[in-house]
Amino acid sequence: MTTLPPERWAEEIAAALRQRYGRSTSALEPIDLGWLNVKWKAVTDDGPLFVKAYHPDRYKLHERPDRRSELANTLRLQRELREAGVACPAVHPYEGQWLQETSSGLLFAVHDWTDGAPVRAGDMSETQLFELGVATGRMHARLRAEPPSSRQAWTPNREAYLTAWESHRENAATAGDDTVLDWLERSGAVVRALDFRTFDDAPTGWLHWDLWVDNLLFRGERLAGVVDFDRMAYAYPEIDVARAVLSGALSDGELRTEAVKAFMEGYRERSETPRGMLARAMRMIYLIESVWWYRTEIRVQSQLRTLLGRFIEEMQWIERHWDALTDMLDEA
């Protein structure tokens with residue numbers, strides 16, 4: 001693990017780009033997005049690159065060789081997705097290694113630079129969502145050829161959810177957090193009433209796992225690239241579909257029907273959407289994310305607070321339409 005202070009990291013990155021990739025760097029422009037990890041636009045003599053350094057306090061990759069190996073595998077998969085025509089930046093290995101390490105122990109990865117910008121949550125146009133649907137369907141089609149992981153990242157489990165739920169309820173009660181207690185009252189009722197057999201037919205496979213607007217770059221109406229594959233995992237690919245639809249089409253508490261249809265039309269060019277799939281995926285998203293966001297600890301973390309309102313809006317939209325999800329979304 002690196003002992004250099006973060007203000008010295010850029011020096012090591014510039015030296016590594018020159019020594020390993022033959023790219024002389026005239027500037028490393030910081031990108032102030034994400035949590036803890038440090039990112040730059042590297043202006044080089046052969047065009048720009050995107051460089052991401054993995055903060056030791058976030059992933060603890062030196063302490064977890066399994067996580068380090070998994071991250072290297074996601075970088076490999078990202079490169080192969082690019083080669084298969086998915087709109088995402090290529091990753092550049094060095095001597096067969098996808099994850100790079102400097103002499104001080106700083107871990108980083110080098111990607112192509114993608115010119116583009118995210119769209120505000122809920123504001124994607126129908127054309128943008130169609131493009132995202134095509135890319136997501138193409139990504140899932142390619143990933144179906146990838147062997148299963150030895151460890152599935154997540155499965156729907158009532159007992160596990162309610163165990164975490166009870167811990168969050170106790171913490172909120174101790175803190176006198178009536179807002180979180182109100183959220184938890186609704187979520188507990190929803191999950192206790194859920195028939196978990198609804199997930200039995202959901203196909204497993206690799207997925208991006210974070211198709212949130214910050215990771216989706218557009219140039220005008222065109223999708224420039226899907227980025228940040230760090231969370232890629234083996235679970236249920238349809239989770240990506242629900243996350244993309246919520247991120248792009250839920251606006252002011254309403255899901256824009258024509259925008260959802262545009263995404264699904266694009267997705268169907270490469271991947272199937274059996275009846276009930278999107279509704280089932282919405283319920284999966286709820287199980288995964290409500291138990292994370294409905295916590296007093298999250299409400300007091302300033303670096304997450306700006307996201308909280310958006311994700312609470314999404315969770316509460318799912319709650320309000322829980323019983324009607326299948327009828328509403330099968331028309332898309």
# chains A, B, ... in the order shown; residues from 1 in each chain; ligands from 1
>>> residues_around(residues="Tyr267 in chain A", least_positions_apart="4", cutoff="9 Å", atoms="only C-alpha atoms", output="number ranges by chain")
A: 130-138, 241, 262-263, 271-273
>>> write_last_selection(atoms="all heavy atoms", output="short mmCIF file (atom, residue, chain, number, x, y, z; two decimals), in the first residue's frame")
data_model
loop_
_atom_site.label_atom_id
_atom_site.label_comp_id
_atom_site.auth_asym_id
_atom_site.auth_seq_id
_atom_site.Cartn_x
_atom_site.Cartn_y
_atom_site.Cartn_z
N PHE A 130 -32.77 5.01 -25.79
CA PHE A 130 -32.66 3.96 -26.81
C PHE A 130 -31.21 3.54 -27.00
O PHE A 130 -30.88 2.35 -27.03
CB PHE A 130 -33.26 4.44 -28.13
CG PHE A 130 -33.10 3.45 -29.25
CD1 PHE A 130 -33.97 2.38 -29.40
CD2 PHE A 130 -32.05 3.58 -30.16
CE1 PHE A 130 -33.81 1.45 -30.43
CE2 PHE A 130 -31.87 2.66 -31.19
CZ PHE A 130 -32.76 1.59 -31.32
N GLU A 131 -30.33 4.53 -27.11
CA GLU A 131 -28.90 4.23 -27.28
C GLU A 131 -28.36 3.45 -26.08
O GLU A 131 -27.58 2.50 -26.24
CB GLU A 131 -28.11 5.53 -27.44
CG GLU A 131 -28.37 6.25 -28.74
CD GLU A 131 -27.12 6.32 -29.60
OE1 GLU A 131 -26.01 6.40 -29.04
OE2 GLU A 131 -27.26 6.26 -30.84
N LEU A 132 -28.77 3.85 -24.89
CA LEU A 132 -28.33 3.13 -23.70
C LEU A 132 -28.89 1.72 -23.68
O LEU A 132 -28.19 0.77 -23.28
CB LEU A 132 -28.77 3.90 -22.45
CG LEU A 132 -28.41 3.27 -21.11
CD1 LEU A 132 -26.90 3.07 -20.97
CD2 LEU A 132 -28.95 4.13 -19.96
N GLY A 133 -30.12 1.55 -24.12
CA GLY A 133 -30.70 0.22 -24.21
C GLY A 133 -29.93 -0.68 -25.16
O GLY A 133 -29.67 -1.85 -24.85
N VAL A 134 -29.55 -0.15 -26.32
CA VAL A 134 -28.76 -0.94 -27.27
C VAL A 134 -27.44 -1.37 -26.64
O VAL A 134 -27.03 -2.53 -26.72
CB VAL A 134 -28.50 -0.12 -28.56
CG1 VAL A 134 -27.49 -0.85 -29.45
CG2 VAL A 134 -29.81 0.10 -29.32
N ALA A 135 -26.75 -0.42 -25.99
CA ALA A 135 -25.46 -0.73 -25.38
C ALA A 135 -25.60 -1.76 -24.27
O ALA A 135 -24.78 -2.68 -24.14
CB ALA A 135 -24.81 0.55 -24.84
N THR A 136 -26.64 -1.64 -23.45
CA THR A 136 -26.85 -2.57 -22.35
C THR A 136 -27.18 -3.96 -22.87
O THR A 136 -26.66 -4.97 -22.37
CB THR A 136 -27.96 -2.06 -21.42
OG1 THR A 136 -27.67 -0.73 -21.00
CG2 THR A 136 -28.10 -2.95 -20.19
N GLY A 137 -28.05 -4.02 -23.88
CA GLY A 137 -28.37 -5.32 -24.47
C GLY A 137 -27.17 -5.98 -25.11
O GLY A 137 -26.96 -7.19 -24.98
N ARG A 138 -26.34 -5.18 -25.79
CA ARG A 138 -25.12 -5.72 -26.41
C ARG A 138 -24.14 -6.20 -25.32
O ARG A 138 -23.52 -7.25 -25.45
CB ARG A 138 -24.48 -4.65 -27.28
CG ARG A 138 -23.20 -5.09 -27.97
CD ARG A 138 -22.72 -4.02 -28.92
NE ARG A 138 -23.55 -3.95 -30.10
CZ ARG A 138 -23.76 -2.86 -30.83
NH1 ARG A 138 -23.20 -1.71 -30.48
NH2 ARG A 138 -24.51 -2.89 -31.90
N VAL A 241 -30.95 -3.35 -16.06
CA VAL A 241 -32.08 -2.78 -16.80
C VAL A 241 -32.89 -1.87 -15.89
O VAL A 241 -33.21 -0.72 -16.24
CB VAL A 241 -32.95 -3.90 -17.38
CG1 VAL A 241 -34.19 -3.32 -18.07
CG2 VAL A 241 -32.15 -4.74 -18.37
N ALA A 262 -38.51 3.35 -25.05
CA ALA A 262 -37.34 3.57 -25.91
C ALA A 262 -36.16 2.73 -25.44
O ALA A 262 -35.47 2.09 -26.26
CB ALA A 262 -36.98 5.05 -25.93
N PHE A 263 -35.90 2.71 -24.13
CA PHE A 263 -34.80 1.88 -23.61
C PHE A 263 -35.04 0.42 -23.94
O PHE A 263 -34.13 -0.29 -24.43
CB PHE A 263 -34.65 2.06 -22.10
CG PHE A 263 -33.59 1.17 -21.51
CD1 PHE A 263 -32.28 1.61 -21.39
CD2 PHE A 263 -33.88 -0.14 -21.10
CE1 PHE A 263 -31.29 0.79 -20.88
CE2 PHE A 263 -32.91 -0.97 -20.58
CZ PHE A 263 -31.61 -0.51 -20.47
N SER A 271 -30.92 -8.54 -26.57
CA SER A 271 -31.25 -9.36 -25.40
C SER A 271 -32.76 -9.46 -25.25
O SER A 271 -33.51 -8.54 -25.61
CB SER A 271 -30.64 -8.76 -24.14
OG SER A 271 -29.22 -8.82 -24.17
N GLU A 272 -33.21 -10.58 -24.70
CA GLU A 272 -34.64 -10.83 -24.54
C GLU A 272 -35.19 -10.15 -23.28
O GLU A 272 -34.46 -9.94 -22.31
CB GLU A 272 -34.90 -12.33 -24.46
CG GLU A 272 -34.54 -13.08 -25.74
CD GLU A 272 -34.84 -14.57 -25.62
OE1 GLU A 272 -35.24 -15.01 -24.51
OE2 GLU A 272 -34.68 -15.27 -26.63
N THR A 273 -36.48 -9.85 -23.32
CA THR A 273 -37.16 -9.26 -22.17
C THR A 273 -38.48 -10.01 -21.94
O THR A 273 -39.54 -9.55 -22.35
CB THR A 273 -37.43 -7.76 -22.40
OG1 THR A 273 -38.23 -7.60 -23.59
CG2 THR A 273 -36.14 -6.99 -22.56
#
>>> select_by_dssp(residues="range 45-239 of chain A", states="alpha helix (DSSP H)", output="number ranges by chain")
A: 56-59, 65-83, 126-143, 158-175, 178-193, 238-239
>>> closest_atom_pairs(of="range 9-77 of chain A", to="range 196-212 of chain A", cutoff="12 Å", atoms="only C-alpha atoms", output="Markdown table")
| residue | atom | partner | partner_atom | distance |
| --- | --- | --- | --- | --- |
| A:Asn73 | CA | A:Trp206 | CA | 11.6 |
| A:Thr74 | CA | A:His208 | CA | 9.2 |
| A:Leu75 | CA | A:His208 | CA | 11.5 |
| A:Leu77 | CA | A:Trp206 | CA | 9.9 |
>>> closest_residue(among="A:Trp154, A:Phe229, A:Trp113, A:Phe108", to="Tyr54 in chain A", atoms="only C-alpha atoms")
A:Phe108
>>> select_by_dssp(residues="range 248-288 of chain A", states="strand (DSSP E)", output="MDAnalysis selection string")
chainID A and resid 250:251 254:255
>>> write_last_selection(atoms="C-alpha atoms", output="compact mmCIF listing (two decimals), in the first residue's frame")
# COMPACT_ATOMS: atom_id res chain seq x y z
CA LEU A 250 -37.89 8.72 -13.39
CA SER A 251 -38.57 12.46 -13.27
CA GLU A 254 -43.15 9.88 -12.36
CA LEU A 255 -41.71 7.25 -14.69
>>> residues_around(residues="Gly122 in chain A", least_positions_apart="2", cutoff="7 Å", atoms="only C-alpha atoms", output="number ranges by chain")
A: 120, 124, 247-251
>>> write_last_selection(atoms="N, CA and C atoms", output="compact mmCIF listing (two decimals), in the first residue's frame")
# COMPACT_ATOMS: atom_id res chain seq x y z
N ARG A 120 -28.54 14.85 -16.36
CA ARG A 120 -29.15 14.89 -15.03
C ARG A 120 -30.12 13.73 -14.85
N MET A 124 -32.92 11.92 -19.29
CA MET A 124 -32.48 11.37 -20.57
C MET A 124 -33.61 11.42 -21.58
N SER A 247 -32.72 5.49 -13.48
CA SER A 247 -31.79 6.61 -13.57
C SER A 247 -32.17 7.59 -14.68
N GLY A 248 -32.61 7.04 -15.80
CA GLY A 248 -32.84 7.88 -16.96
C GLY A 248 -34.24 8.40 -17.14
N ALA A 249 -35.25 7.68 -16.59
CA ALA A 249 -36.63 7.99 -16.95
C ALA A 249 -37.52 8.40 -15.79
N LEU A 250 -37.07 8.30 -14.53
CA LEU A 250 -37.89 8.72 -13.39
C LEU A 250 -37.66 10.20 -13.14
N SER A 251 -38.69 11.00 -13.37
CA SER A 251 -38.57 12.46 -13.27
C SER A 251 -39.71 13.02 -12.45
>>> residues_around(residues="Ser290 in chain A", least_positions_apart="6", cutoff="12 Å", atoms="only C-alpha atoms", output="list in words")
Tyr161, Leu162, Ala164, Trp165, His168, Val180, Trp183, Leu184, Glu185, Arg186, Ser187, Gly188, Val190, Val191, Met282, Arg283, Met284, Ile298, Leu308, Phe311, Ile312, Glu313, Glu314, Met315, Gln316, Trp317, Ile318 and Glu319 of chain A
>>> write_last_selection(atoms="N, CA and C atoms", output="PDB file, in the first residue's frame")
ATOM      1  N   TYR A 161     -32.332  -9.679   4.429  1.00  0.00           N
ATOM      2  CA  TYR A 161     -32.851  -8.308   4.363  1.00  0.00           C
ATOM      3  C   TYR A 161     -33.380  -7.869   5.721  1.00  0.00           C
ATOM      4  N   LEU A 162     -34.211  -8.716   6.334  1.00  0.00           N
ATOM      5  CA  LEU A 162     -34.849  -8.318   7.580  1.00  0.00           C
ATOM      6  C   LEU A 162     -33.870  -8.259   8.744  1.00  0.00           C
ATOM      7  N   ALA A 164     -30.717  -7.120   8.414  1.00  0.00           N
ATOM      8  CA  ALA A 164     -30.147  -5.783   8.249  1.00  0.00           C
ATOM      9  C   ALA A 164     -31.175  -4.713   8.591  1.00  0.00           C
ATOM     10  N   TRP A 165     -32.412  -4.932   8.181  1.00  0.00           N
ATOM     11  CA  TRP A 165     -33.506  -3.983   8.447  1.00  0.00           C
ATOM     12  C   TRP A 165     -33.664  -3.747   9.940  1.00  0.00           C
ATOM     13  N   HIS A 168     -30.893  -1.571  11.290  1.00  0.00           N
ATOM     14  CA  HIS A 168     -31.089  -0.173  10.910  1.00  0.00           C
ATOM     15  C   HIS A 168     -32.220   0.461  11.729  1.00  0.00           C
ATOM     16  N   VAL A 180     -36.142   8.141   9.068  1.00  0.00           N
ATOM     17  CA  VAL A 180     -35.699   6.807   8.681  1.00  0.00           C
ATOM     18  C   VAL A 180     -36.644   5.743   9.241  1.00  0.00           C
ATOM     19  N   TRP A 183     -39.426   5.480   6.816  1.00  0.00           N
ATOM     20  CA  TRP A 183     -39.013   4.732   5.627  1.00  0.00           C
ATOM     21  C   TRP A 183     -38.988   3.231   5.914  1.00  0.00           C
ATOM     22  N   LEU A 184     -38.427   2.872   7.051  1.00  0.00           N
ATOM     23  CA  LEU A 184     -38.260   1.460   7.381  1.00  0.00           C
ATOM     24  C   LEU A 184     -39.599   0.787   7.655  1.00  0.00           C
ATOM     25  N   GLU A 185     -40.543   1.508   8.220  1.00  0.00           N
ATOM     26  CA  GLU A 185     -41.858   0.916   8.451  1.00  0.00           C
ATOM     27  C   GLU A 185     -42.473   0.452   7.139  1.00  0.00           C
ATOM     28  N   ARG A 186     -42.371   1.282   6.123  1.00  0.00           N
ATOM     29  CA  ARG A 186     -42.935   0.905   4.819  1.00  0.00           C
ATOM     30  C   ARG A 186     -42.149  -0.235   4.180  1.00  0.00           C
ATOM     31  N   SER A 187     -40.812  -0.155   4.219  1.00  0.00           N
ATOM     32  CA  SER A 187     -40.016  -1.181   3.552  1.00  0.00           C
ATOM     33  C   SER A 187     -40.176  -2.540   4.227  1.00  0.00           C
ATOM     34  N   GLY A 188     -40.269  -2.549   5.552  1.00  0.00           N
ATOM     35  CA  GLY A 188     -40.470  -3.816   6.247  1.00  0.00           C
ATOM     36  C   GLY A 188     -41.768  -4.480   5.848  1.00  0.00           C
ATOM     37  N   VAL A 190     -43.396  -4.076   3.003  1.00  0.00           N
ATOM     38  CA  VAL A 190     -43.284  -4.523   1.613  1.00  0.00           C
ATOM     39  C   VAL A 190     -42.533  -5.852   1.520  1.00  0.00           C
ATOM     40  N   VAL A 191     -41.411  -5.949   2.195  1.00  0.00           N
ATOM     41  CA  VAL A 191     -40.563  -7.137   2.060  1.00  0.00           C
ATOM     42  C   VAL A 191     -41.182  -8.343   2.758  1.00  0.00           C
ATOM     43  N   MET A 282     -37.142  -4.421 -10.874  1.00  0.00           N
ATOM     44  CA  MET A 282     -37.406  -3.307  -9.974  1.00  0.00           C
ATOM     45  C   MET A 282     -37.473  -3.780  -8.521  1.00  0.00           C
ATOM     46  N   ARG A 283     -38.075  -4.929  -8.299  1.00  0.00           N
ATOM     47  CA  ARG A 283     -38.148  -5.457  -6.934  1.00  0.00           C
ATOM     48  C   ARG A 283     -36.762  -5.868  -6.441  1.00  0.00           C
ATOM     49  N   MET A 284     -35.912  -6.376  -7.337  1.00  0.00           N
ATOM     50  CA  MET A 284     -34.536  -6.682  -6.949  1.00  0.00           C
ATOM     51  C   MET A 284     -33.796  -5.405  -6.543  1.00  0.00           C
ATOM     52  N   ILE A 298     -26.353   6.847   6.783  1.00  0.00           N
ATOM     53  CA  ILE A 298     -26.252   7.470   5.467  1.00  0.00           C
ATOM     54  C   ILE A 298     -26.724   8.929   5.531  1.00  0.00           C
ATOM     55  N   LEU A 308     -28.811  11.101  -1.630  1.00  0.00           N
ATOM     56  CA  LEU A 308     -29.864  10.449  -0.869  1.00  0.00           C
ATOM     57  C   LEU A 308     -31.254  10.775  -1.400  1.00  0.00           C
ATOM     58  N   PHE A 311     -32.168   8.800  -4.587  1.00  0.00           N
ATOM     59  CA  PHE A 311     -32.399   7.369  -4.424  1.00  0.00           C
ATOM     60  C   PHE A 311     -33.618   7.084  -3.551  1.00  0.00           C
ATOM     61  N   ILE A 312     -33.917   7.969  -2.596  1.00  0.00           N
ATOM     62  CA  ILE A 312     -35.155   7.816  -1.834  1.00  0.00           C
ATOM     63  C   ILE A 312     -36.353   7.986  -2.764  1.00  0.00           C
ATOM     64  N   GLU A 313     -36.278   8.956  -3.678  1.00  0.00           N
ATOM     65  CA  GLU A 313     -37.353   9.133  -4.666  1.00  0.00           C
ATOM     66  C   GLU A 313     -37.578   7.851  -5.456  1.00  0.00           C
ATOM     67  N   GLU A 314     -36.493   7.206  -5.877  1.00  0.00           N
ATOM     68  CA  GLU A 314     -36.625   5.974  -6.650  1.00  0.00           C
ATOM     69  C   GLU A 314     -37.239   4.856  -5.818  1.00  0.00           C
ATOM     70  N   MET A 315     -36.744   4.686  -4.592  1.00  0.00           N
ATOM     71  CA  MET A 315     -37.282   3.617  -3.744  1.00  0.00           C
ATOM     72  C   MET A 315     -38.760   3.849  -3.436  1.00  0.00           C
ATOM     73  N   GLN A 316     -39.134   5.082  -3.184  1.00  0.00           N
ATOM     74  CA  GLN A 316     -40.519   5.351  -2.831  1.00  0.00           C
ATOM     75  C   GLN A 316     -41.439   5.244  -4.045  1.00  0.00           C
ATOM     76  N   TRP A 317     -40.916   5.517  -5.245  1.00  0.00           N
ATOM     77  CA  TRP A 317     -41.725   5.276  -6.441  1.00  0.00           C
ATOM     78  C   TRP A 317     -42.034   3.775  -6.562  1.00  0.00           C
ATOM     79  N   ILE A 318     -41.037   2.941  -6.345  1.00  0.00           N
ATOM     80  CA  ILE A 318     -41.264   1.488  -6.413  1.00  0.00           C
ATOM     81  C   ILE A 318     -42.282   1.068  -5.360  1.00  0.00           C
ATOM     82  N   GLU A 319     -42.164   1.585  -4.139  1.00  0.00           N
ATOM     83  CA  GLU A 319     -43.125   1.245  -3.075  1.00  0.00           C
ATOM     84  C   GLU A 319     -44.552   1.610  -3.488  1.00  0.00           C
TER      85      GLU A 319
END
>>> residues_around(residues="Glu221 in chain A", least_positions_apart="3", cutoff="8 Å", atoms="only C-alpha atoms", output="ChimeraX atom specification")
/A:125,127-128,218
>>> residues_around(residues="Glu238 in chain A", least_positions_apart="4", cutoff="8 Å", atoms="only C-alpha atoms", output="VMD selection string")
chain A and resid 242 277 to 278 281
>>> write_last_selection(atoms="N, CA, C and O atoms", output="PDB file, in the first residue's frame")
ATOM      1  N   ALA A 242     -33.191  -2.346 -14.682  1.00  0.00           N
ATOM      2  CA  ALA A 242     -33.966  -1.535 -13.746  1.00  0.00           C
ATOM      3  C   ALA A 242     -33.197  -0.279 -13.345  1.00  0.00           C
ATOM      4  O   ALA A 242     -33.762   0.818 -13.273  1.00  0.00           O
ATOM      5  N   MET A 277     -40.147  -9.328 -16.550  1.00  0.00           N
ATOM      6  CA  MET A 277     -38.728  -9.146 -16.250  1.00  0.00           C
ATOM      7  C   MET A 277     -38.445  -7.792 -15.601  1.00  0.00           C
ATOM      8  O   MET A 277     -37.764  -7.709 -14.572  1.00  0.00           O
ATOM      9  N   LEU A 278     -38.958  -6.705 -16.168  1.00  0.00           N
ATOM     10  CA  LEU A 278     -38.624  -5.385 -15.652  1.00  0.00           C
ATOM     11  C   LEU A 278     -39.231  -5.169 -14.265  1.00  0.00           C
ATOM     12  O   LEU A 278     -38.580  -4.612 -13.377  1.00  0.00           O
ATOM     13  N   ALA A 281     -37.110  -7.037 -11.870  1.00  0.00           N
ATOM     14  CA  ALA A 281     -35.842  -6.335 -11.677  1.00  0.00           C
ATOM     15  C   ALA A 281     -36.020  -5.123 -10.760  1.00  0.00           C
ATOM     16  O   ALA A 281     -35.133  -4.808  -9.956  1.00  0.00           O
TER      17      ALA A 281
END
>>> residues_around(residues="Glu11 in chain A", least_positions_apart="2", cutoff="12 Å", atoms="only C-alpha atoms", output="list in words")
Leu4, Pro5, Pro6, Glu7, Arg8, Trp9, Ile13, Ala14, Ala15, Ala16, Leu17, Arg18, Thr25, Ser26, Ala27, Leu28, Trp40, Ala42, Thr102, Ser103, Ser104 and Leu106 of chain A
>>> write_last_selection(atoms="N, CA, C and O atoms", output="PDB file, in the first residue's frame")
ATOM      1  N   LEU A   4       2.804   7.324   0.025  1.00  0.00           N
ATOM      2  CA  LEU A   4       2.850   8.702  -0.479  1.00  0.00           C
ATOM      3  C   LEU A   4       1.545   9.424  -0.168  1.00  0.00           C
ATOM      4  O   LEU A   4       0.460   8.847  -0.274  1.00  0.00           O
ATOM      5  N   PRO A   5       1.599  10.724   0.186  1.00  0.00           N
ATOM      6  CA  PRO A   5       0.363  11.488   0.349  1.00  0.00           C
ATOM      7  C   PRO A   5      -0.308  11.680  -1.011  1.00  0.00           C
ATOM      8  O   PRO A   5       0.360  11.692  -2.054  1.00  0.00           O
ATOM      9  N   PRO A   6      -1.638  11.823  -1.041  1.00  0.00           N
ATOM     10  CA  PRO A   6      -2.358  11.953  -2.317  1.00  0.00           C
ATOM     11  C   PRO A   6      -1.838  13.055  -3.227  1.00  0.00           C
ATOM     12  O   PRO A   6      -1.905  12.923  -4.462  1.00  0.00           O
ATOM     13  N   GLU A   7      -1.314  14.140  -2.662  1.00  0.00           N
ATOM     14  CA  GLU A   7      -0.818  15.221  -3.526  1.00  0.00           C
ATOM     15  C   GLU A   7       0.427  14.822  -4.319  1.00  0.00           C
ATOM     16  O   GLU A   7       0.819  15.513  -5.249  1.00  0.00           O
ATOM     17  N   ARG A   8       1.033  13.705  -3.965  1.00  0.00           N
ATOM     18  CA  ARG A   8       2.197  13.222  -4.711  1.00  0.00           C
ATOM     19  C   ARG A   8       1.840  12.147  -5.725  1.00  0.00           C
ATOM     20  O   ARG A   8       2.692  11.720  -6.504  1.00  0.00           O
ATOM     21  N   TRP A   9       0.588  11.704  -5.714  1.00  0.00           N
ATOM     22  CA  TRP A   9       0.224  10.587  -6.584  1.00  0.00           C
ATOM     23  C   TRP A   9       0.384  10.926  -8.059  1.00  0.00           C
ATOM     24  O   TRP A   9       0.788  10.089  -8.863  1.00  0.00           O
ATOM     25  N   ILE A  13       2.071   8.780 -11.188  1.00  0.00           N
ATOM     26  CA  ILE A  13       1.282   8.392 -12.360  1.00  0.00           C
ATOM     27  C   ILE A  13       1.963   8.878 -13.633  1.00  0.00           C
ATOM     28  O   ILE A  13       2.100   8.127 -14.619  1.00  0.00           O
ATOM     29  N   ALA A  14       2.409  10.124 -13.658  1.00  0.00           N
ATOM     30  CA  ALA A  14       3.070  10.663 -14.845  1.00  0.00           C
ATOM     31  C   ALA A  14       4.327   9.868 -15.178  1.00  0.00           C
ATOM     32  O   ALA A  14       4.601   9.570 -16.355  1.00  0.00           O
ATOM     33  N   ALA A  15       5.099   9.503 -14.153  1.00  0.00           N
ATOM     34  CA  ALA A  15       6.313   8.711 -14.385  1.00  0.00           C
ATOM     35  C   ALA A  15       5.963   7.337 -14.947  1.00  0.00           C
ATOM     36  O   ALA A  15       6.630   6.838 -15.869  1.00  0.00           O
ATOM     37  N   ALA A  16       4.899   6.717 -14.422  1.00  0.00           N
ATOM     38  CA  ALA A  16       4.506   5.390 -14.901  1.00  0.00           C
ATOM     39  C   ALA A  16       3.996   5.441 -16.340  1.00  0.00           C
ATOM     40  O   ALA A  16       4.281   4.537 -17.146  1.00  0.00           O
ATOM     41  N   LEU A  17       3.253   6.474 -16.686  1.00  0.00           N
ATOM     42  CA  LEU A  17       2.774   6.599 -18.060  1.00  0.00           C
ATOM     43  C   LEU A  17       3.946   6.723 -19.029  1.00  0.00           C
ATOM     44  O   LEU A  17       3.912   6.170 -20.133  1.00  0.00           O
ATOM     45  N   ARG A  18       4.966   7.443 -18.636  1.00  0.00           N
ATOM     46  CA  ARG A  18       6.140   7.604 -19.498  1.00  0.00           C
ATOM     47  C   ARG A  18       6.935   6.295 -19.601  1.00  0.00           C
ATOM     48  O   ARG A  18       7.298   5.863 -20.687  1.00  0.00           O
ATOM     49  N   THR A  25       3.506  13.171 -20.407  1.00  0.00           N
ATOM     50  CA  THR A  25       2.324  13.862 -19.901  1.00  0.00           C
ATOM     51  C   THR A  25       2.628  15.335 -19.673  1.00  0.00           C
ATOM     52  O   THR A  25       3.551  15.681 -18.925  1.00  0.00           O
ATOM     53  N   SER A  26       1.835  16.189 -20.317  1.00  0.00           N
ATOM     54  CA  SER A  26       2.008  17.632 -20.103  1.00  0.00           C
ATOM     55  C   SER A  26       1.133  18.138 -18.973  1.00  0.00           C
ATOM     56  O   SER A  26       1.401  19.194 -18.402  1.00  0.00           O
ATOM     57  N   ALA A  27       0.074  17.390 -18.638  1.00  0.00           N
ATOM     58  CA  ALA A  27      -0.812  17.800 -17.540  1.00  0.00           C
ATOM     59  C   ALA A  27      -1.616  16.601 -17.064  1.00  0.00           C
ATOM     60  O   ALA A  27      -2.000  15.737 -17.854  1.00  0.00           O
ATOM     61  N   LEU A  28      -1.863  16.563 -15.763  1.00  0.00           N
ATOM     62  CA  LEU A  28      -2.811  15.622 -15.162  1.00  0.00           C
ATOM     63  C   LEU A  28      -3.912  16.463 -14.517  1.00  0.00           C
ATOM     64  O   LEU A  28      -3.720  17.070 -13.469  1.00  0.00           O
ATOM     65  N   TRP A  40      -7.922  11.316 -13.085  1.00  0.00           N
ATOM     66  CA  TRP A  40      -7.329  12.405 -13.857  1.00  0.00           C
ATOM     67  C   TRP A  40      -7.623  12.234 -15.348  1.00  0.00           C
ATOM     68  O   TRP A  40      -7.767  11.108 -15.847  1.00  0.00           O
ATOM     69  N   ALA A  42      -5.336  12.642 -18.301  1.00  0.00           N
ATOM     70  CA  ALA A  42      -3.909  12.788 -18.593  1.00  0.00           C
ATOM     71  C   ALA A  42      -3.758  13.337 -20.004  1.00  0.00           C
ATOM     72  O   ALA A  42      -4.130  12.673 -20.979  1.00  0.00           O
ATOM     73  N   THR A 102       2.511   1.318  -8.786  1.00  0.00           N
ATOM     74  CA  THR A 102       3.718   2.132  -8.805  1.00  0.00           C
ATOM     75  C   THR A 102       4.729   1.600  -7.789  1.00  0.00           C
ATOM     76  O   THR A 102       4.426   0.711  -6.991  1.00  0.00           O
ATOM     77  N   SER A 103       5.915   2.196  -7.780  1.00  0.00           N
ATOM     78  CA  SER A 103       6.964   1.748  -6.867  1.00  0.00           C
ATOM     79  C   SER A 103       6.581   1.938  -5.409  1.00  0.00           C
ATOM     80  O   SER A 103       7.045   1.202  -4.529  1.00  0.00           O
ATOM     81  N   SER A 104       5.695   2.901  -5.119  1.00  0.00           N
ATOM     82  CA  SER A 104       5.273   3.121  -3.736  1.00  0.00           C
ATOM     83  C   SER A 104       4.076   2.261  -3.334  1.00  0.00           C
ATOM     84  O   SER A 104       3.660   2.267  -2.181  1.00  0.00           O
ATOM     85  N   LEU A 106       0.994   2.389  -5.142  1.00  0.00           N
ATOM     86  CA  LEU A 106      -0.260   2.973  -5.595  1.00  0.00           C
ATOM     87  C   LEU A 106      -0.807   2.141  -6.758  1.00  0.00           C
ATOM     88  O   LEU A 106      -0.105   1.886  -7.736  1.00  0.00           O
TER      89      LEU A 106
END
>>> closest_residue(among="A:Val300, A:Ala233, A:Met328, A:Leu223", to="Glu126 in chain A", atoms="only C-alpha atoms")
A:Leu223
